[in-house]
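Before any comments, here is the structure.
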Amino acid sequence: MRRTLSIAALLAGVVTVASAQTPAVSVEAFTPQGEVKNVRQVTARFSGPVVAFGDPRVEAPFEVQCGAPGRGRWADTRHWLYDFEADLPGGIECTFTVRPGLKTVDGRAVAAAAFRFDTGGPSIKASLPDEGNEGIDEEQVFMLALDAVADAKSVAERASCLVSGIGERIGVRVIEGDERNRIIAEQRPRAFDLFQALDKRARRALLAVKNDRFDDVPITLVKCARRLPPGAEVKLVWGQGIRTPAGLATRQDQTLVYRARRDFTARATCTRVNAEAGCIPVLPITLELAGTIARETALGITLKTTDGRTITPTIPPESKTVESVEFRGPFPAKTEVLIEIPKGLKDDAGRPLANAAEFPLKVRVDDDPPLVKFPATFGILELN
């Protein structure tokens, strides 16, 4: 009898020791963590089976604290997934904590743990004008579509402009209130791509703008605090530390590069036999503008020839504005023509012509090329 009890006690001790040596079950992998954009799914992998295969239980292994809705499910006995209804915008923080008392299918406790991630501070998803534009205005307003609403004070403190030729950072002015609403309304036809960049919220954004509810749209308007020099490279820096109203801040700079448009100038161009020659008489002479003017204004530009003719530019009737005007020949050979502009010519931004003193502008017309001189059904082309 004593021998039987001793064997039973020994076996019980072996079972106790074996249970004590059984490794604890824990979360051995969890993604995402830290800062990450465009999150759609969370995945967790446990070191041992937590649910039985095919178990219909919907009890979640985590307590979820997150600013966006989602739903969890078991993929198998060890893998748990949590799907959000849409890609997460910026400014979202989520914490997943192992539920207290969670046990495996064989009754072992799952080690306590907590995992956190966020989608960062507000970042730029698209801009108007587009990044890389080389003709921005000297007083350009930048419309920035963001992945989260930005705190205006932090934008004013942390955003800046870097301009070539100016050795210091230039602050920005955040445009708010009625002025912001007016600009968005004016740019409504051009801003469709900007709203599209808001992903799943694009339809809501478009509807809000259509109904003049601009406060519902995560678009920030800024402009550099000083006038931009013509032709200068401009970097708009969306700086580290710009935050959401809840306080979640960007961790690094985001830079958009542009170039300011050149001075409003005008220059004559034409086809020449070589760089030193005058214009070919039978081909058009074009006045190219480094800016845009109204069609009615462009019709006031004229070309006068030595034989007393005044030629007006040829402009398609459907063109409301133009960036160049063309005068069609033929022009008298081996002469000069004179291009005249209206007094006080300005572009659509109100900029006066920077080289107005060069007008009336003389343009040299060359002799007719050999091919034109032959009044026959054949011609001769010069070698070389």
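Here's how to read the names in the structure tokens: chain A, B, ... by the order shown, residue numbers from 1 in each chain, ligand numbers from 1 in the order shown.
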**Report entry** DSSP strand (DSSP E or B) residues within region 119-202 of chain A, as a PyMOL selection string
**Finding:** chain A and resi 124-128+136+141-146+160-163+170-175
Requested in this report: Might you pull out every residue within 8 Å of region 110-127 of chain A, with only C-alpha atoms counted and same-chain residues fewer than 5 positions away left off, and present them as a count of residues only?
Outcome: 52
Report task. For Pro313 (chain A), list every protein, DNA or RNA residue within 12 Å, evaluated using only C-alpha atoms, and leave out those in the same chain fewer than 3 positions away; present the list as a PyMOL selection string. Result -> chain A and resi 284-287+295-304+310+316-317+322+324-329+339-341
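Between Ile136 (chain A) and the candidates A:Gly291, A:Cys279, A:Phe46, A:Ser164, the tightest atom-to-atom separation, counting only C-alpha atoms, involves A:Gly291.
Using only C-alpha atoms, the nearest neighbour of Ala294 (chain A) within the list A:Ala29, A:Ala275, A:Ile315, A:Leu81 is A:Ile315.
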**Report entry** Glu176 (chain A) environment, 9 Å, only C-alpha atoms, sequence neighbours closer than 2 positions dropped, as number ranges by chain
**Finding:** A: 152, 174, 178-181, 220-222
Residues just named, written with C-alpha atoms as an mmCIF file, in the first residue's frame:
```cif
data_model
loop_
_atom_site.group_PDB
_atom_site.id
_atom_site.type_symbol
_atom_site.label_atom_id
_atom_site.label_comp_id
_atom_site.auth_asym_id
_atom_site.auth_seq_id
_atom_site.Cartn_x
_atom_site.Cartn_y
_atom_site.Cartn_z
ATOM 1 C CA ALA A 152 -3.029 76.151 -37.759
ATOM 2 C CA VAL A 174 -1.802 80.329 -42.859
ATOM 3 C CA ASP A 178 -13.595 83.556 -45.133
ATOM 4 C CA GLU A 179 -10.458 84.114 -47.203
ATOM 5 C CA ARG A 180 -9.707 80.369 -47.176
ATOM 6 C CA ASN A 181 -13.278 79.498 -48.099
ATOM 7 C CA THR A 220 -4.649 73.838 -45.449
ATOM 8 C CA LEU A 221 -3.822 77.018 -47.385
ATOM 9 C CA VAL A 222 -0.457 78.734 -46.908
#
```
Query raised in the report: Got a sec: who's within 12 Å of Val282 (chain A), counting only C-alpha atoms, leaving out chain neighbours fewer than 2 positions off, as an MDAnalysis selection string?
Result: chainID A and resid 270:272 278:280 284:285 327:334 365:369 371:373
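Take CA of Glu323 (chain A) and CA of Thr335 (chain A): the distance between them is 26.9 Å.
The gap separating CA of Lys223 (chain A) from CA of Glu139 (chain A) is 7.1 Å, in Å to one decimal.
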